[in-house]
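Asks: This is the structure, below, for whatever I ask next.
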Amino acid sequence: MGRPSGVEVVTVTETRTGTYEVVVIGGGAAGLSAALVLGRSRRRTLVVDAGEPRNTPAAHMQGYLSRDGMSPAEFLALGREEIARYGVDLVRDRAVDVTKGEDFAVALAGGETVHARRIVVATGLKDELPAVPGVAERFGRDVIHCPYCHGWEVRDQAFGVLATTAMSVHQALMVSQWSKDVTLFLHTVAESELTDDDLRRLAAAGVAVVPGEVAELVVQDDRLTGVRLTDGTTHPREALFVAPRAVPQTDLLEKLGAELNETPFGAYPVVDPAGQTTVPGVWAVGNAMGFAEQVVNAASAGYRAGATINGELLMTDLDAAVRV
C-alpha cells in the first residue's frame, strides 16, 4: 500500500543531531502509539521501523473499536501520518544493537547510531507455522489462528484444527463457538496425550477427532477445500485453525540484560504494569512483552508506556534542577 500524502519518512542523516529523548524500536501498533503520546508530549522521538508487522498476512483486523475491518497496512499508514504531525521522526531501518552508558546508543543496520535517554522496545514476535504444505501459503486467509480475529468471517463453515501440541484441544473447543462443524486433526499429537477431560469436552462440543498425520491442504480455485492425511484420506474443510510457534524478538532486550520470564509461548521480559523492564530506562510493549497482545491491546500498552515515560522524564529533570 502506498504511503498517504503528508507522511514523511525521515532518515537518520536528515535529523538534527541524532540524539533523542526517546527511541522507539518497532513501528507497529504498540510502537506508533507510544510515539504518538510522546510526540504530543513534546518529546523528541524517533521510531525505528524495520517494516515487518506480525499481522502482515491478514487482509483485515477485527475487534478494534472504530477500526474494525480495517486493513493492517492502512492502519499503520494512518498511524505514521499521525505521529508525523507532532514532529516524530521515523526511519526505515533495523536496530541491531543497543548499549547503555550515560545514555542509550542504538546501532542501526544502515550504519548510523542514534542516542536516547529512554528506549521503547516494540519489536513484536514472529510466527513459525507448522511445516504442512499449503499452511504458509494460505495463512491469514482460510488458514488462521485466532477466532477473535477471524472467527466471525468464517462462522458456520467447516472448521479444521491442526493439532501440534496437546493445547490444541483448547483451540478446538474455543472455535466451536463459531461453528458446530469442527474436526480436530491430531497430526503430531498422539491419542494417548488426550486426557479423559479433553475427550469429554470435545464430545460435549461436538468436535470430531481424527488421528493421523496431515500431509497437505487441498486447494481448489484459490480456496481451501480439504485436509489430506498421509494415509490418502481427505476430509472436506473450509477453514483451518493452526497454532504457530511464537518466537519473541527479544535479542535487544537480552543484550541490555533484561530479565526474561519463561512461558509456554516463549521467553518474554518481566515488566511492570506500564511496560518498564528490569533495565532502568527501557520499556517493552505489544507482542515484545507477551504472546496474546492483539492490536488494540498493543496500542493501549504503547499509550501507557508513552505517558509513563513522559512523566518520568519530567520528574527526573525537575529533581535535577532542584539539586543545582
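Chain lettering (A, B, ...) mirrors the order of the C-alpha cells, residue numbering begins at 1 for each chain separately, and ligand numbering begins at 1 in order of display.
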Please list as a ChimeraX atom specification every residue within 8 Å of A:Asn310, counting only C-alpha atoms and excluding residues in the same chain fewer than 3 positions away.
Replies: /A:38,41,43,306-307,313-314
Asks: For the residues selected in the previous step, produce a file with N, CA and C atoms as a PDB file, in the first residue's frame.
Replies:
```pdb
ATOM      1  N   LEU A  38       4.215  10.403  23.032  1.00  0.00           N
ATOM      2  CA  LEU A  38       5.449  11.135  23.293  1.00  0.00           C
ATOM      3  C   LEU A  38       5.550  12.384  22.422  1.00  0.00           C
ATOM      4  N   SER A  41       3.506  14.989  23.730  1.00  0.00           N
ATOM      5  CA  SER A  41       4.097  15.493  24.984  1.00  0.00           C
ATOM      6  C   SER A  41       5.340  16.335  24.722  1.00  0.00           C
ATOM      7  N   ARG A  43       8.103  15.503  23.262  1.00  0.00           N
ATOM      8  CA  ARG A  43       9.350  14.777  23.447  1.00  0.00           C
ATOM      9  C   ARG A  43       9.963  14.469  22.096  1.00  0.00           C
ATOM     10  N   GLY A 306       4.167   5.407  26.804  1.00  0.00           N
ATOM     11  CA  GLY A 306       4.498   6.766  26.404  1.00  0.00           C
ATOM     12  C   GLY A 306       4.179   7.785  27.481  1.00  0.00           C
ATOM     13  N   ALA A 307       3.010   7.658  28.087  1.00  0.00           N
ATOM     14  CA  ALA A 307       2.619   8.596  29.138  1.00  0.00           C
ATOM     15  C   ALA A 307       3.522   8.451  30.361  1.00  0.00           C
ATOM     16  N   LEU A 313      10.474  11.301  32.757  1.00  0.00           N
ATOM     17  CA  LEU A 313      11.480  12.263  32.298  1.00  0.00           C
ATOM     18  C   LEU A 313      11.261  13.638  32.928  1.00  0.00           C
ATOM     19  N   LEU A 314      10.014  14.048  33.011  1.00  0.00           N
ATOM     20  CA  LEU A 314       9.701  15.346  33.606  1.00  0.00           C
ATOM     21  C   LEU A 314      10.180  15.416  35.043  1.00  0.00           C
TER      22      LEU A 314
END
```
Asks: Write out as an MDAnalysis selection string the set of residues from stretch 10-240 of chain A that DSSP, computed on the backbone, places in alpha helix (DSSP H).
Replies: chainID A and resid 29:40 72:85 135:138 147:150 168:175 196:205
Asks: With distances taken over only C-alpha atoms, which of A:Val22, A:Val296, A:Ala208, A:Ala136 is nearest to A:Ser176?
Replies: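 Looking at the shortest contact to A:Ser176, the residue is A:Ala208.
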Asks: Take atom CA of A:Phe159 and atom CA of A:Thr56 and report the distance between them in Å, one decimal.
Replies: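 Computed distance, atom CA of A:Phe159 to atom CA of A:Thr56, equals 22.8 Å.
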Asks: Give the strand (DSSP E) residues of stretch 215-261 of chain A, as assigned by DSSP on the backbone, as a PDB file with N, CA and C atoms, in the first residue's frame.
Replies:
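Final file, out.pdb:
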```pdb
ATOM      1  N   ALA A 215      -0.874 -34.553   5.658  1.00  0.00           N
ATOM      2  CA  ALA A 215       0.139 -34.484   4.606  1.00  0.00           C
ATOM      3  C   ALA A 215       0.129 -33.154   3.889  1.00  0.00           C
ATOM      4  N   GLU A 216      -1.069 -32.615   3.630  1.00  0.00           N
ATOM      5  CA  GLU A 216      -1.163 -31.380   2.860  1.00  0.00           C
ATOM      6  C   GLU A 216      -2.573 -30.832   2.916  1.00  0.00           C
ATOM      7  N   LEU A 217      -2.698 -29.596   2.487  1.00  0.00           N
ATOM      8  CA  LEU A 217      -4.015 -28.990   2.337  1.00  0.00           C
ATOM      9  C   LEU A 217      -4.455 -29.126   0.886  1.00  0.00           C
ATOM     10  N   VAL A 218      -5.753 -29.258   0.701  1.00  0.00           N
ATOM     11  CA  VAL A 218      -6.322 -29.347  -0.646  1.00  0.00           C
ATOM     12  C   VAL A 218      -6.915 -27.991  -0.985  1.00  0.00           C
ATOM     13  N   VAL A 219      -6.468 -27.430  -2.096  1.00  0.00           N
ATOM     14  CA  VAL A 219      -6.904 -26.103  -2.513  1.00  0.00           C
ATOM     15  C   VAL A 219      -7.439 -26.166  -3.936  1.00  0.00           C
ATOM     16  N   GLN A 220      -8.629 -25.639  -4.135  1.00  0.00           N
ATOM     17  CA  GLN A 220      -9.228 -25.574  -5.462  1.00  0.00           C
ATOM     18  C   GLN A 220      -9.772 -24.162  -5.694  1.00  0.00           C
ATOM     19  N   ARG A 223      -9.097 -21.553  -2.960  1.00  0.00           N
ATOM     20  CA  ARG A 223      -9.738 -21.624  -1.647  1.00  0.00           C
ATOM     21  C   ARG A 223      -9.526 -23.009  -1.063  1.00  0.00           C
ATOM     22  N   LEU A 224      -9.446 -23.063   0.250  1.00  0.00           N
ATOM     23  CA  LEU A 224      -9.261 -24.331   0.944  1.00  0.00           C
ATOM     24  C   LEU A 224     -10.520 -25.178   0.821  1.00  0.00           C
ATOM     25  N   THR A 225     -10.322 -26.437   0.395  1.00  0.00           N
ATOM     26  CA  THR A 225     -11.481 -27.337   0.284  1.00  0.00           C
ATOM     27  C   THR A 225     -11.326 -28.599   1.124  1.00  0.00           C
ATOM     28  N   GLY A 226     -10.104 -28.877   1.595  1.00  0.00           N
ATOM     29  CA  GLY A 226      -9.956 -30.103   2.357  1.00  0.00           C
ATOM     30  C   GLY A 226      -8.592 -30.253   2.997  1.00  0.00           C
ATOM     31  N   VAL A 227      -8.506 -31.274   3.853  1.00  0.00           N
ATOM     32  CA  VAL A 227      -7.266 -31.642   4.531  1.00  0.00           C
ATOM     33  C   VAL A 227      -6.980 -33.099   4.190  1.00  0.00           C
ATOM     34  N   ARG A 228      -5.800 -33.352   3.632  1.00  0.00           N
ATOM     35  CA  ARG A 228      -5.447 -34.712   3.229  1.00  0.00           C
ATOM     36  C   ARG A 228      -4.423 -35.287   4.205  1.00  0.00           C
ATOM     37  N   LEU A 229      -4.695 -36.509   4.688  1.00  0.00           N
ATOM     38  CA  LEU A 229      -3.789 -37.186   5.610  1.00  0.00           C
ATOM     39  C   LEU A 229      -2.756 -38.004   4.836  1.00  0.00           C
ATOM     40  N   THR A 234      -9.072 -37.834   2.565  1.00  0.00           N
ATOM     41  CA  THR A 234      -9.271 -36.390   2.509  1.00  0.00           C
ATOM     42  C   THR A 234     -10.555 -36.035   3.237  1.00  0.00           C
ATOM     43  N   HIS A 235     -10.459 -34.994   4.068  1.00  0.00           N
ATOM     44  CA  HIS A 235     -11.612 -34.527   4.834  1.00  0.00           C
ATOM     45  C   HIS A 235     -11.973 -33.123   4.347  1.00  0.00           C
ATOM     46  N   PRO A 236     -13.179 -32.957   3.822  1.00  0.00           N
ATOM     47  CA  PRO A 236     -13.584 -31.623   3.353  1.00  0.00           C
ATOM     48  C   PRO A 236     -13.580 -30.614   4.505  1.00  0.00           C
ATOM     49  N   ALA A 239     -12.066 -23.969   6.480  1.00  0.00           N
ATOM     50  CA  ALA A 239     -11.158 -23.107   7.236  1.00  0.00           C
ATOM     51  C   ALA A 239     -10.350 -23.991   8.170  1.00  0.00           C
ATOM     52  N   LEU A 240      -9.073 -23.663   8.315  1.00  0.00           N
ATOM     53  CA  LEU A 240      -8.197 -24.455   9.176  1.00  0.00           C
ATOM     54  C   LEU A 240      -7.542 -23.545  10.201  1.00  0.00           C
ATOM     55  N   PHE A 241      -7.711 -23.894  11.465  1.00  0.00           N
ATOM     56  CA  PHE A 241      -7.049 -23.169  12.549  1.00  0.00           C
ATOM     57  C   PHE A 241      -5.749 -23.880  12.907  1.00  0.00           C
ATOM     58  N   ARG A 245       4.129 -21.391  16.333  1.00  0.00           N
ATOM     59  CA  ARG A 245       5.057 -21.276  17.455  1.00  0.00           C
ATOM     60  C   ARG A 245       5.534 -19.841  17.520  1.00  0.00           C
ATOM     61  N   ALA A 246       5.308 -19.208  18.662  1.00  0.00           N
ATOM     62  CA  ALA A 246       5.700 -17.814  18.829  1.00  0.00           C
ATOM     63  C   ALA A 246       7.197 -17.718  19.087  1.00  0.00           C
ATOM     64  N   VAL A 247       7.850 -16.826  18.346  1.00  0.00           N
ATOM     65  CA  VAL A 247       9.284 -16.583  18.528  1.00  0.00           C
ATOM     66  C   VAL A 247       9.458 -15.114  18.921  1.00  0.00           C
ATOM     67  N   PRO A 248       9.541 -14.816  20.224  1.00  0.00           N
ATOM     68  CA  PRO A 248       9.683 -13.423  20.650  1.00  0.00           C
ATOM     69  C   PRO A 248      10.976 -12.807  20.110  1.00  0.00           C
ATOM     70  N   LEU A 260      14.059 -12.094  31.781  1.00  0.00           N
ATOM     71  CA  LEU A 260      13.006 -12.705  30.986  1.00  0.00           C
ATOM     72  C   LEU A 260      12.255 -13.737  31.811  1.00  0.00           C
ATOM     73  N   ASN A 261      10.999 -13.944  31.448  1.00  0.00           N
ATOM     74  CA  ASN A 261      10.156 -14.921  32.119  1.00  0.00           C
ATOM     75  C   ASN A 261       9.770 -16.002  31.122  1.00  0.00           C
TER      76      ASN A 261
END
```
Asks: List as a PyMOL selection string the protein and nucleic acid residues near A:Tyr64, meaning an atom at most 12 Å away when only C-alpha atoms are counted, but skip any in the same chain fewer than 6 places from it.
Replies: chain A and resi 29+70-72+75+148-149+294-300
Asks: Just to confirm, what's the straight-line distance from atom CA of A:Met315 to atom CA of A:Thr278 in Å (one decimal)?
Replies: 19.6 Å
Asks: Tell me which of A:Gly28, A:Arg80, A:Ser33, A:Arg237 sits closest to A:Tyr303, counting only C-alpha atoms.
Replies: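 Of all the options, A:Ser33 lies closest to A:Tyr303.
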Asks: From the options A:Ala305, A:Ala131, A:Ala95, A:Leu194, which residue's atoms come nearest to A:Ala274, counting only C-alpha atoms?
Replies: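 Nearest to A:Ala274: A:Ala305.
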Asks: How far is it from atom CA of A:Glu312 to atom CA of A:Gly275, in Å with one decimal?
Replies: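 So the two atoms, atom CA of A:Glu312 and atom CA of A:Gly275, lie 13.1 Å apart.
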Asks: Nearest to A:Thr113: which of A:Val242, A:Val324, A:Val48, A:Ala166 is it, counting only C-alpha atoms?
Replies: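 Using only C-alpha atoms, A:Thr113 sits closest to A:Val48.
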Asks: Determine, counting only C-alpha atoms, which protein, DNA and RNA residues have an atom within 7 Å of an atom of A:Ala105; residues of the same chain fewer than 4 positions away are not included. Present the result as an MDAnalysis selection string.
Replies: chainID A and resid 98:100 113:116
Asks: Using only C-alpha atoms, which protein or nucleic acid residues come within 12 Å of stretch 197-200 of chain A? Drop anything in the same chain fewer than 4 positions from it, and give the result as a PyMOL selection string.
Replies: chain A and resi 166-173+184+191-193+204-209
Asks: Pull N, CA and C atoms from the residues just selected and write them as a compact mmCIF listing (two decimals), in the first residue's frame.
Replies:
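The resulting file, result-v4.txt, is shown below:
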```txt
# COMPACT_ATOMS: atom_id res chain seq x y z
N ALA A 166 -0.73 -30.81 22.78
CA ALA A 166 -1.98 -31.17 23.47
C ALA A 166 -2.84 -29.94 23.74
N MET A 167 -2.24 -28.73 23.73
CA MET A 167 -3.00 -27.50 23.96
C MET A 167 -3.93 -27.19 22.78
N SER A 168 -3.73 -27.88 21.66
CA SER A 168 -4.62 -27.66 20.51
C SER A 168 -6.04 -28.08 20.81
N VAL A 169 -6.22 -28.93 21.81
CA VAL A 169 -7.57 -29.29 22.23
C VAL A 169 -8.32 -28.03 22.66
N HIS A 170 -7.64 -27.18 23.41
CA HIS A 170 -8.29 -25.94 23.86
C HIS A 170 -8.69 -25.08 22.66
N GLN A 171 -7.84 -25.02 21.65
CA GLN A 171 -8.17 -24.25 20.45
C GLN A 171 -9.42 -24.81 19.76
N ALA A 172 -9.49 -26.14 19.67
CA ALA A 172 -10.65 -26.76 19.03
C ALA A 172 -11.93 -26.46 19.81
N LEU A 173 -11.85 -26.49 21.13
CA LEU A 173 -13.01 -26.18 21.95
C LEU A 173 -13.43 -24.71 21.78
N LEU A 184 -10.92 -31.94 14.79
CA LEU A 184 -9.57 -31.82 15.33
C LEU A 184 -8.69 -32.88 14.69
N GLU A 191 -3.04 -39.92 20.35
CA GLU A 191 -4.33 -40.01 21.05
C GLU A 191 -4.15 -40.17 22.55
N SER A 192 -3.07 -40.84 22.95
CA SER A 192 -2.82 -41.07 24.37
C SER A 192 -2.53 -39.78 25.14
N GLU A 193 -2.21 -38.71 24.41
CA GLU A 193 -1.93 -37.44 25.08
C GLU A 193 -3.21 -36.72 25.49
N ALA A 204 -18.70 -33.14 24.15
CA ALA A 204 -19.79 -32.22 24.51
C ALA A 204 -19.89 -31.08 23.50
N ALA A 205 -18.75 -30.67 22.93
CA ALA A 205 -18.75 -29.58 21.95
C ALA A 205 -19.05 -30.08 20.55
N GLY A 206 -19.15 -31.38 20.38
CA GLY A 206 -19.42 -31.93 19.06
C GLY A 206 -18.23 -31.91 18.13
N VAL A 207 -17.02 -31.87 18.69
CA VAL A 207 -15.80 -31.82 17.89
C VAL A 207 -15.38 -33.25 17.53
N ALA A 208 -15.25 -33.51 16.23
CA ALA A 208 -14.76 -34.81 15.78
C ALA A 208 -13.25 -34.86 15.91
N VAL A 209 -12.73 -36.04 16.28
CA VAL A 209 -11.29 -36.21 16.46
C VAL A 209 -10.78 -37.21 15.43
```
Asks: Find the spatial neighbours of A:Ala122, counting only C-alpha atoms, within a cut-off of 9 Å - ignore same-chain residues fewer than 4 positions away - and output them as an NGL selection string.
Replies: :A and (24-31 or 249 or 283-289 or 302)
Asks: Smallest atom-to-atom distance to A:Pro130: which of A:Leu202, A:Ala243, A:Leu256, A:Ala34, using only C-alpha atoms?
Replies: A:Ala243
Asks: For A:Leu46, list every protein, DNA or RNA residue within 6 Å, evaluated using only C-alpha atoms, and leave out those in the same chain fewer than 2 positions away; present the list as a ChimeraX atom specification.
Replies: /A:23,88-90
Asks: Using N, CA and C atoms, can you export the residues from the last selection as a PDB file, in the first residue's frame?
Replies:
```pdb
ATOM      1  N   VAL A  23      13.880   6.743  21.840  1.00  0.00           N
ATOM      2  CA  VAL A  23      13.891   5.981  20.603  1.00  0.00           C
ATOM      3  C   VAL A  23      12.949   4.797  20.777  1.00  0.00           C
ATOM      4  N   VAL A  88       7.453  13.701  15.248  1.00  0.00           N
ATOM      5  CA  VAL A  88       8.159  12.443  15.491  1.00  0.00           C
ATOM      6  C   VAL A  88       8.865  12.010  14.218  1.00  0.00           C
ATOM      7  N   ASP A  89      10.149  11.663  14.319  1.00  0.00           N
ATOM      8  CA  ASP A  89      10.906  11.160  13.180  1.00  0.00           C
ATOM      9  C   ASP A  89      10.701   9.656  13.050  1.00  0.00           C
ATOM     10  N   LEU A  90      10.758   9.177  11.817  1.00  0.00           N
ATOM     11  CA  LEU A  90      10.648   7.737  11.570  1.00  0.00           C
ATOM     12  C   LEU A  90      11.689   7.354  10.525  1.00  0.00           C
TER      13      LEU A  90
END
```
Asks: Pick the closest to A:His145 from A:Asn55, A:Thr308, A:Thr277, A:Ser179: which is it, counting only C-alpha atoms?
Replies: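 Closest residue, counting only C-alpha atoms: A:Asn55.
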